[in-house]
file protein-v1.txt (compact mmCIF, C-alpha atoms)
# COMPACT_ATOMS: atom_id res chain seq x y z
CA MET A 1 0.00 0.00 0.00
CA VAL A 2 1.17 3.53 -0.79
CA THR A 3 1.77 5.87 2.14
CA GLU A 4 1.87 9.65 2.09
CA PHE A 5 5.28 11.37 2.16
CA THR A 6 5.32 13.38 5.42
CA PRO A 7 8.67 15.18 5.70
CA PHE A 8 7.52 17.84 8.19
CA ALA A 9 5.62 15.59 10.62
CA SER A 10 8.41 13.04 10.43
CA PHE A 11 11.15 15.60 11.05
CA GLY A 12 9.14 17.15 13.91
CA GLY A 13 8.50 13.73 15.41
CA GLY A 14 12.21 13.00 15.05
CA LEU A 15 13.06 16.15 17.00
CA ALA A 16 10.81 14.96 19.86
CA ILE A 17 12.36 11.47 19.75
CA GLY A 18 15.80 13.08 20.06
CA LEU A 19 14.57 15.32 22.87
CA GLY A 20 13.31 12.28 24.77
CA ALA A 21 16.73 10.64 24.44
CA VAL A 22 18.50 13.82 25.61
CA LEU A 23 16.12 14.20 28.57
CA LEU A 24 16.86 10.65 29.69
CA MET A 25 20.59 11.34 29.55
CA LEU A 26 20.11 14.62 31.45
CA GLY A 27 17.91 13.12 34.15
CA LEU A 28 19.18 9.57 34.59
CA GLY A 29 22.42 9.50 32.64
CA ARG A 30 21.23 6.63 30.48
CA ILE A 31 20.99 5.75 26.80
CA LEU A 32 17.41 5.43 25.53
CA GLY A 33 17.52 1.94 24.06
CA ALA A 34 14.05 0.45 23.77
CA THR A 35 15.16 -3.19 23.71
CA GLY A 36 17.31 -2.80 26.81
CA ILE A 37 14.54 -1.02 28.66
CA LEU A 38 12.00 -3.66 27.62
CA SER A 39 14.18 -6.61 28.64
CA GLY A 40 14.98 -4.81 31.91
CA LEU A 41 11.25 -4.97 32.63
CA LEU A 42 10.76 -8.56 31.46
CA PHE A 43 13.85 -10.08 33.07
CA VAL A 44 14.16 -8.06 36.27
CA GLU A 45 17.76 -8.05 37.40
CA ASP A 46 17.88 -4.85 39.39
CA ARG A 47 14.91 -3.48 41.33
CA GLU A 48 16.44 0.00 41.42
CA GLU A 49 16.48 0.05 37.62
CA PHE A 50 12.97 -1.38 37.31
CA GLY A 51 11.22 1.71 38.68
CA TRP A 52 12.40 4.33 36.22
CA ARG A 53 12.10 1.92 33.31
CA ALA A 54 8.47 1.19 34.21
CA ALA A 55 7.77 4.93 34.49
CA LEU A 56 9.43 5.63 31.13
CA VAL A 57 7.45 2.88 29.39
CA THR A 58 4.22 4.13 31.01
CA GLY A 59 4.90 7.59 29.58
CA MET A 60 5.52 6.08 26.14
CA VAL A 61 2.27 4.10 26.21
CA LEU A 62 0.31 7.23 27.20
CA ALA A 63 1.61 9.10 24.12
CA PRO A 64 -1.03 7.98 21.57
CA GLY A 65 -3.69 9.05 24.10
CA LEU A 66 -2.10 12.49 24.31
CA VAL A 67 -2.05 12.73 20.51
CA PHE A 68 -5.73 11.76 20.50
CA LEU A 69 -6.59 14.45 23.09
CA VAL A 70 -4.83 17.14 21.08
CA THR A 71 -5.70 16.19 17.50
CA GLY A 72 -8.84 14.08 17.92
CA THR A 73 -7.34 11.12 16.03
CA LEU A 74 -5.13 8.24 17.11
CA PRO A 75 -1.80 7.82 15.30
CA GLU A 76 -2.09 5.52 12.32
CA VAL A 77 -1.10 1.88 12.71
CA ASN A 78 -1.56 0.12 9.36
CA VAL A 79 -0.31 -3.44 9.42
CA PRO A 80 0.21 -4.74 5.88
CA VAL A 81 1.65 -8.12 6.99
CA SER A 82 0.12 -11.32 8.38
CA PRO A 83 0.01 -12.18 12.11
CA ALA A 84 2.53 -14.97 11.42
CA MET A 85 4.97 -12.43 9.97
CA ILE A 86 4.52 -10.16 13.00
CA ALA A 87 5.24 -13.07 15.34
CA ILE A 88 8.23 -14.42 13.40
CA GLY A 89 9.61 -10.92 12.82
CA GLY A 90 9.20 -10.13 16.52
CA VAL A 91 11.13 -13.20 17.66
CA ILE A 92 13.96 -12.38 15.23
CA VAL A 93 13.94 -8.71 16.36
CA GLY A 94 14.16 -9.73 20.03
CA PHE A 95 16.91 -12.28 19.40
CA GLY A 96 18.91 -9.96 17.14
CA ALA A 97 18.62 -6.86 19.30
CA SER A 98 19.68 -8.86 22.35
CA LEU A 99 22.63 -10.43 20.50
CA GLY A 100 23.71 -7.16 18.87
CA SER A 101 23.09 -5.11 22.04
CA GLY A 102 20.78 -2.58 20.44
CA CYS A 103 18.05 -1.57 18.04
CA THR A 104 16.85 1.50 16.14
CA SER A 105 16.76 3.72 19.23
CA GLY A 106 19.87 2.46 21.05
CA HIS A 107 22.24 2.08 18.08
CA GLY A 108 20.38 4.23 15.56
CA VAL A 109 19.66 7.40 17.53
CA CYS A 110 21.77 7.28 20.70
CA GLY A 111 24.76 5.32 19.38
CA LEU A 112 25.21 7.26 16.14
CA SER A 113 25.09 10.61 17.90
CA ARG A 114 27.70 9.38 20.40
CA LEU A 115 29.77 8.27 17.37
CA SER A 116 29.98 4.79 18.90
CA ALA A 117 32.11 2.55 16.65
CA ARG A 118 29.76 -0.39 17.29
CA SER A 119 26.69 1.62 16.30
CA LEU A 120 28.40 3.00 13.20
CA VAL A 121 28.73 -0.64 12.10
CA ALA A 122 25.38 -1.94 13.42
CA VAL A 123 23.12 0.69 11.82
CA PRO A 124 24.23 0.22 8.17
CA VAL A 125 24.06 -3.56 8.73
CA PHE A 126 20.47 -3.59 9.99
CA MET A 127 19.31 -0.97 7.47
CA THR A 128 20.72 -3.12 4.67
CA THR A 129 19.26 -6.42 5.88
CA ALA A 130 15.87 -4.74 6.50
CA ALA A 131 15.82 -3.36 2.94
CA LEU A 132 16.93 -6.73 1.51
CA THR A 133 14.23 -8.52 3.53
CA VAL A 134 11.51 -6.17 2.26
CA PHE A 135 12.81 -6.56 -1.30
CA ILE A 136 12.80 -10.36 -1.08
CA ILE A 137 9.36 -10.55 0.58
CA ARG A 138 7.69 -8.05 -1.76
CA HIS A 139 9.48 -8.42 -5.08
CA VAL A 140 11.02 -11.91 -5.12
CA ILE A 141 8.44 -13.96 -3.20
CA GLY A 142 5.73 -11.43 -4.01
CA ALA A 143 3.85 -11.59 -0.69
CA MET B 1 10.38 12.99 41.34
CA LYS B 2 12.74 10.75 39.37
CA HIS B 3 9.83 8.59 38.27
CA ILE B 4 7.64 11.51 37.24
CA TYR B 5 10.59 12.82 35.23
CA ALA B 6 11.04 9.41 33.55
CA LEU B 7 7.32 9.25 32.75
CA LEU B 8 7.37 12.69 31.11
CA THR B 9 10.50 11.72 29.18
CA GLY B 10 8.69 8.63 27.89
CA LEU B 11 5.73 10.79 26.93
CA VAL B 12 7.97 13.13 24.87
CA PHE B 13 9.70 10.20 23.16
CA GLY B 14 6.42 8.36 22.52
CA THR B 15 4.73 11.46 21.11
CA GLY B 16 7.67 11.84 18.75
CA ILE B 17 7.27 8.22 17.64
CA ALA B 18 3.52 8.74 17.13
CA VAL B 19 3.82 11.99 15.17
CA SER B 20 6.77 10.81 13.06
CA GLY B 21 5.02 7.80 11.53
CA MET B 22 7.43 5.29 13.09
CA MET B 23 4.60 3.33 14.69
CA ASP B 24 2.95 2.74 11.31
CA PRO B 25 4.39 -0.48 9.85
CA ALA B 26 3.04 0.40 6.38
CA LYS B 27 5.19 3.53 6.43
CA VAL B 28 8.24 1.78 7.89
CA LEU B 29 8.13 -1.01 5.30
CA ASN B 30 7.65 1.52 2.50
CA PHE B 31 10.79 3.31 3.66
CA PHE B 32 12.71 0.14 2.93
CA ASP B 33 10.84 -0.59 -0.31
CA VAL B 34 13.02 1.52 -2.58
CA ALA B 35 12.08 -0.66 -5.58
CA GLY B 36 8.35 -0.33 -4.92
CA SER B 37 6.09 2.08 -3.00
CA TRP B 38 9.03 4.03 -1.53
CA ASP B 39 8.26 6.60 1.17
CA PRO B 40 11.44 8.42 2.30
CA SER B 41 9.73 10.05 5.33
CA LEU B 42 11.62 8.01 7.91
CA ALA B 43 14.94 9.48 6.81
CA PHE B 44 13.55 12.75 8.17
CA VAL B 45 12.75 11.07 11.50
CA MET B 46 16.32 9.89 11.82
CA GLY B 47 17.64 13.29 10.74
CA GLY B 48 15.53 15.19 13.26
CA ALA B 49 16.39 12.84 16.11
CA LEU B 50 20.12 12.90 15.36
CA VAL B 51 20.32 16.70 15.18
CA VAL B 52 18.86 16.94 18.69
CA THR B 53 20.84 14.11 20.28
CA PHE B 54 24.13 15.07 18.63
CA ILE B 55 23.97 18.60 20.08
CA GLY B 56 21.91 17.80 23.18
CA TYR B 57 24.15 15.00 24.46
CA ARG B 58 27.21 17.23 24.25
CA LEU B 59 25.47 20.01 26.19
CA VAL B 60 24.30 17.53 28.85
CA TRP B 61 27.76 16.00 29.23
CA ARG B 62 29.15 19.38 30.30
CA ARG B 63 27.47 18.69 33.63
CA ASN B 64 29.25 16.67 36.27
CA ALA B 65 26.31 14.36 36.85
CA PRO B 66 22.71 13.72 35.73
CA LEU B 67 19.84 15.28 37.72
CA PHE B 68 18.67 12.06 39.40
CA ALA B 69 21.72 9.76 39.27
CA THR B 70 25.34 9.89 40.36
CA GLU B 71 26.98 9.44 36.96
CA PHE B 72 26.47 9.24 33.21
CA GLN B 73 26.45 5.66 32.00
CA ALA B 74 27.16 4.95 28.36
CA PRO B 75 28.26 1.66 26.86
CA ASN B 76 32.00 2.02 26.27
CA ALA B 77 32.58 -1.27 24.42
CA SER B 78 34.15 -0.75 21.02
CA VAL B 79 34.68 -4.36 19.91
CA ILE B 80 33.20 -5.13 16.52
CA ASP B 81 32.50 -8.85 16.81
CA ARG B 82 30.33 -11.54 15.28
CA ASN B 83 27.61 -10.99 17.89
CA LEU B 84 27.29 -7.32 16.97
CA ILE B 85 27.17 -7.90 13.22
CA GLY B 86 25.07 -11.07 13.39
CA GLY B 87 22.69 -9.48 15.90
CA ALA B 88 22.28 -6.32 13.82
CA ALA B 89 21.76 -8.39 10.64
CA LEU B 90 19.05 -10.45 12.35
CA PHE B 91 17.45 -7.35 13.83
CA GLY B 92 17.10 -5.86 10.34
CA ILE B 93 15.58 -9.08 8.97
CA GLY B 94 12.99 -9.09 11.77
CA TRP B 95 12.27 -5.37 11.36
CA GLY B 96 11.79 -5.80 7.61
CA THR B 97 9.48 -8.76 8.21
CA ALA B 98 7.20 -7.32 10.90
CA GLY B 99 7.48 -3.57 10.21
CA PHE B 100 7.69 -2.79 13.93
CA CYS B 101 10.78 -2.16 16.04
CA PRO B 102 10.66 -2.17 19.88
CA GLY B 103 11.00 1.62 20.31
CA ALA B 104 8.01 2.16 18.04
CA ALA B 105 5.94 -0.75 19.34
CA ILE B 106 6.06 0.27 23.02
CA PRO B 107 4.29 3.62 22.42
CA ALA B 108 2.05 1.91 19.84
CA LEU B 109 0.66 -0.23 22.70
CA GLY B 110 -1.30 2.89 23.62
CA THR B 111 -3.39 2.56 20.46
CA GLY B 112 -4.76 -0.72 21.82
CA ARG B 113 -3.96 -2.73 18.68
CA TRP B 114 -3.56 -6.47 19.24
CA GLU B 115 -0.87 -6.71 16.56
CA VAL B 116 1.38 -4.58 18.75
CA VAL B 117 0.85 -6.88 21.72
CA LEU B 118 1.66 -9.91 19.55
CA PHE B 119 4.85 -8.24 18.30
CA LEU B 120 6.10 -7.28 21.77
CA VAL B 121 5.37 -10.75 23.20
CA ALA B 122 7.37 -12.21 20.28
CA VAL B 123 10.22 -9.77 20.99
CA GLY B 124 10.22 -10.96 24.62
CA VAL B 125 10.36 -14.59 23.45
CA GLY B 126 13.26 -13.86 21.07
CA SER B 127 15.15 -11.91 23.70
CA GLY B 128 14.57 -14.65 26.29
CA LEU B 129 15.72 -17.27 23.78
CA ARG B 130 18.98 -15.42 23.24
CA ARG B 131 19.47 -15.05 27.01
CA GLY B 132 18.85 -18.75 27.53
CA LEU B 133 21.28 -19.75 24.78
CA GLY B 134 23.86 -17.27 26.07
CA ALA B 135 23.65 -18.71 29.60
CA LEU B 136 23.91 -22.25 28.20
CA ALA B 137 27.01 -21.38 26.16
CA LYS B 138 28.67 -19.82 29.21
CA ARG B 139 27.99 -22.92 31.34
CA GLN B 140 29.57 -25.18 28.73
CA VAL B 141 32.70 -23.02 28.68
CA ILE B 142 32.96 -23.28 32.48
CA LEU B 143 32.43 -27.07 32.44
call {"tool": "encode", "arguments": {"input": "protein-v1.txt", "output": "structure tokens"}}
result
Amino acid sequence: MVTEFTPFASFGGGLAIGLGAVLLMLGLGRILGATGILSGLLFVEDREEFGWRAALVTGMVLAPGLVFLVTGTLPEVNVPVSPAMIAIGGVIVGFGASLGSGCTSGHGVCGLSRLSARSLVAVPVFMTTAALTVFIIRHVIGA
Amino acid sequence: MKHIYALLTGLVFGTGIAVSGMMDPAKVLNFFDVAGSWDPSLAFVMGGALVVTFIGYRLVWRRNAPLFATEFQAPNASVIDRNLIGGAALFGIGWGTAGFCPGAAIPALGTGRWEVVLFLVAVGVGSGLRRGLGALAKRQVIL
């Protein structure tokens, strides 16, 4: 399905994403990596860490509600893939992010801006495999 | 106070994700579909986020300590190993399959869509799988 090109909303949203990451560094001195924060909640290793992570995630989950209050519409979530693909993709995402110590937020936003050598390698790798995967699924297999 | 701060930080980040289009898998997959229904919007998300974090982090690091913690903690590993590259490659494959990444899916929970729940449960399974295998490998080395 075709989606509308939204450079201004996307850039503005990006600014807020960056601001969130900077605020977390300012307040708690931590990188905003979604996978790390999520697994810190699922596999509790440190109770001290659990509290702020739970609060951060709560704030994130409240965001679509805030958007709804202000604009009157929920953010769009159009899922063009099957439930099986969501489940399989999710397992691979969880395994890969855990193995590679990061995802779009941790390596992509926080790592690149810190000029982390690991992130400078990880981001081009996952961007490339994501594009190849979409190409194969859509244009080779034709799903 | 620390937890209220973390909640508001999550709200800023999540609103950015919602406004940017990152929580819309149709848009994410189209970003990668250069050969098909390409939508370059997400490059603007990354651009906006990086501008803010690149400058913001450096301003924050002029302080001696964060507001609610004793020190800044950033991963200082610089080893480019098989885990990093393999993990990033897998992450991209999963992202390109499902269209969600964890940082987008957590705020997307607030829209109440079941697909988001399915994705995050799958991420937890994949992450747990990797943790289990990692622990197993370590035990074998010790034995």
call {"tool": "closest_residue", "arguments": {"input": "protein-v1.txt", "among": "A:Leu115, A:Leu26, A:Met127, A:Ala21", "to": "Arg62 (chain B)", "atoms": "only C-alpha atoms"}}
result
A:Leu26
call {"tool": "closest_residue", "arguments": {"input": "protein-v1.txt", "among": "A:Val44, A:Ile136, A:Ile17, A:Val70", "to": "chain B", "atoms": "only C-alpha atoms"}}
result
A:Ile17
call {"tool": "closest_residue", "arguments": {"input": "protein-v1.txt", "among": "B:Trp38, B:Phe100, B:Trp114, B:Phe32", "to": "chain A", "atoms": "all atoms listed in the file"}}
result
B:Phe32
call {"tool": "closest_residue", "arguments": {"input": "protein-v1.txt", "among": "B:Gly126, B:Gly112, B:Gly96, B:Gly56", "to": "Arg138 (chain A)", "atoms": "all atoms listed in the file"}}
result
B:Gly96
call {"tool": "residues_around", "arguments": {"input": "protein-v1.txt", "residues": "Gly86 (chain B)", "least_positions_apart": "6", "cutoff": "12 Å", "atoms": "only C-alpha atoms", "output": "NGL selection string"}}
result
(:A and (92-93 or 95-102 or 121-122 or 125-126 or 129)) or (:B and (80 or 92-93))
call {"tool": "closest_residue", "arguments": {"input": "protein-v1.txt", "among": "B:Thr70, B:Asn76, B:Asn30, B:Ser20", "to": "chain A", "atoms": "all atoms listed in the file"}}
result
B:Ser20
call {"tool": "atom_distance", "arguments": {"input": "protein-v1.txt", "atom1": "CA of Leu42 (chain A)", "atom2": "CA of Ala77 (chain B)"}}
result
24.1 Å
call {"tool": "residues_around", "arguments": {"input": "protein-v1.txt", "residues": "region 59-69 of chain A", "least_positions_apart": "2", "cutoff": "12 Å", "atoms": "only C-alpha atoms", "output": "ChimeraX atom specification"}}
result
/A:13,16-17,20,32,34,37-38,52-57,71-77 /B:3-21,23,102-113,116-117
call {"tool": "closest_residue", "arguments": {"input": "protein-v1.txt", "among": "B:Gly99, B:Gly87, B:Gly132, B:Gly124", "to": "Thr35 (chain A)", "atoms": "all atoms listed in the file"}}
result
B:Gly124
call {"tool": "atom_distance", "arguments": {"input": "protein-v1.txt", "atom1": "CA of Leu133 (chain B)", "atom2": "CA of Arg30 (chain A)"}}
result
27.0 Å
call {"tool": "axis_aligned_box", "arguments": {"input": "protein-v1.txt", "around": "region 6-24 of chain A", "padding_each_side": "4 Å", "output": "JSON"}}
result
{"center_x": 11.9, "center_y": 14.2, "center_z": 17.6, "size_x": 21.2, "size_y": 15.2, "size_z": 32.3}
call {"tool": "residues_around", "arguments": {"input": "protein-v1.txt", "residues": "Met46 (chain B)", "least_positions_apart": "5", "cutoff": "12 Å", "atoms": "all atoms listed in the file", "output": "VMD selection string"}}
result
(chain A and resid 7 10 to 18 104 to 105 107 to 110 112 to 113 123) or (chain B and resid 16 to 17 20 to 22 31 40 to 41 51 to 54)
call {"tool": "residues_around", "arguments": {"input": "protein-v1.txt", "residues": "Met1 (chain A)", "least_positions_apart": "6", "cutoff": "8 Å", "atoms": "all atoms listed in the file", "output": "ChimeraX atom specification"}}
result
/A:80 /B:26,37
call {"tool": "residues_around", "arguments": {"input": "protein-v1.txt", "residues": "Lys27 (chain B)", "least_positions_apart": "6", "cutoff": "8 Å", "atoms": "all atoms listed in the file", "output": "list of chain:residue names"}}
result
A:Thr3, B:Gly21, B:Asp39, B:Leu42
call {"tool": "atom_distance", "arguments": {"input": "protein-v1.txt", "atom1": "CA of Gly111 (chain A)", "atom2": "CA of Pro75 (chain B)"}}
result
9.0 Å
call {"tool": "decode", "arguments": {"input": "protein-v1.txt", "residues": "region 115-126 of chain A", "atoms": "all heavy atoms", "output": "tab-separated table (two decimals), in the first residue's frame"}}
result
chain	number	residue	atom	x	y	z
A	115	LEU	N	28.72	8.74	18.27
A	115	LEU	CA	29.77	8.27	17.37
A	115	LEU	C	30.39	6.97	17.89
A	115	LEU	O	31.60	6.76	17.80
A	115	LEU	CB	30.85	9.35	17.16
A	115	LEU	CG	30.35	10.67	16.55
A	115	LEU	CD1	31.48	11.69	16.47
A	115	LEU	CD2	29.75	10.44	15.16
A	116	SER	N	29.54	6.10	18.44
A	116	SER	CA	29.98	4.79	18.90
A	116	SER	C	30.40	3.93	17.71
A	116	SER	O	29.65	3.80	16.74
A	116	SER	CB	28.85	4.10	19.66
A	116	SER	OG	28.94	2.70	19.55
A	117	ALA	N	31.60	3.37	17.77
A	117	ALA	CA	32.11	2.55	16.65
A	117	ALA	C	31.17	1.38	16.37
A	117	ALA	O	30.89	1.05	15.22
A	117	ALA	CB	33.52	2.06	16.97
A	118	ARG	N	30.65	0.76	17.45
A	118	ARG	CA	29.76	-0.39	17.29
A	118	ARG	C	28.47	0.01	16.58
A	118	ARG	O	28.00	-0.70	15.69
A	118	ARG	CB	29.45	-1.01	18.66
A	118	ARG	CG	30.59	-1.86	19.21
A	118	ARG	CD	30.39	-2.21	20.67
A	118	ARG	NE	29.17	-2.95	20.96
A	118	ARG	CZ	29.04	-4.28	20.82
A	118	ARG	NH1	30.05	-4.99	20.41
A	118	ARG	NH2	27.90	-4.86	21.11
A	119	SER	N	27.93	1.18	16.94
A	119	SER	CA	26.69	1.62	16.30
A	119	SER	C	26.92	2.02	14.85
A	119	SER	O	26.07	1.79	14.00
A	119	SER	CB	26.09	2.79	17.07
A	119	SER	OG	25.82	2.40	18.40
A	120	LEU	N	28.09	2.60	14.58
A	120	LEU	CA	28.40	3.00	13.20
A	120	LEU	C	28.48	1.78	12.28
A	120	LEU	O	28.30	1.90	11.08
A	120	LEU	CB	29.72	3.80	13.15
A	120	LEU	CG	29.64	5.22	13.75
A	120	LEU	CD1	31.02	5.82	13.95
A	120	LEU	CD2	28.80	6.14	12.87
A	121	VAL	N	28.76	0.60	12.87
A	121	VAL	CA	28.73	-0.64	12.10
A	121	VAL	C	27.32	-1.22	12.09
A	121	VAL	O	26.79	-1.62	11.05
A	121	VAL	CB	29.73	-1.68	12.69
A	121	VAL	CG1	29.55	-3.04	12.03
A	121	VAL	CG2	31.16	-1.18	12.51
A	122	ALA	N	26.68	-1.26	13.28
A	122	ALA	CA	25.38	-1.94	13.42
A	122	ALA	C	24.28	-1.31	12.56
A	122	ALA	O	23.51	-2.02	11.92
A	122	ALA	CB	24.95	-1.95	14.89
A	123	VAL	N	24.23	0.02	12.51
A	123	VAL	CA	23.12	0.69	11.82
A	123	VAL	C	23.12	0.40	10.31
A	123	VAL	O	22.09	-0.03	9.77
A	123	VAL	CB	23.10	2.21	12.13
A	123	VAL	CG1	22.00	2.90	11.34
A	123	VAL	CG2	22.89	2.43	13.62
A	124	PRO	N	24.25	0.58	9.60
A	124	PRO	CA	24.23	0.22	8.17
A	124	PRO	C	23.91	-1.25	7.95
A	124	PRO	O	23.24	-1.59	6.97
A	124	PRO	CB	25.65	0.52	7.69
A	124	PRO	CG	26.24	1.43	8.70
A	124	PRO	CD	25.53	1.18	9.99
A	125	VAL	N	24.35	-2.12	8.88
A	125	VAL	CA	24.06	-3.56	8.73
A	125	VAL	C	22.56	-3.80	8.83
A	125	VAL	O	21.95	-4.42	7.96
A	125	VAL	CB	24.83	-4.42	9.78
A	125	VAL	CG1	24.31	-5.85	9.79
A	125	VAL	CG2	26.33	-4.41	9.50
A	126	PHE	N	21.90	-3.26	9.88
A	126	PHE	CA	20.47	-3.59	9.99
A	126	PHE	C	19.60	-2.85	8.97
A	126	PHE	O	18.57	-3.36	8.54
A	126	PHE	CB	19.94	-3.54	11.43
A	126	PHE	CG	19.84	-2.23	12.16
A	126	PHE	CD1	19.09	-1.18	11.69
A	126	PHE	CD2	20.47	-2.09	13.40
A	126	PHE	CE1	18.96	0.00	12.41
A	126	PHE	CE2	20.35	-0.90	14.14
A	126	PHE	CZ	19.60	0.15	13.63
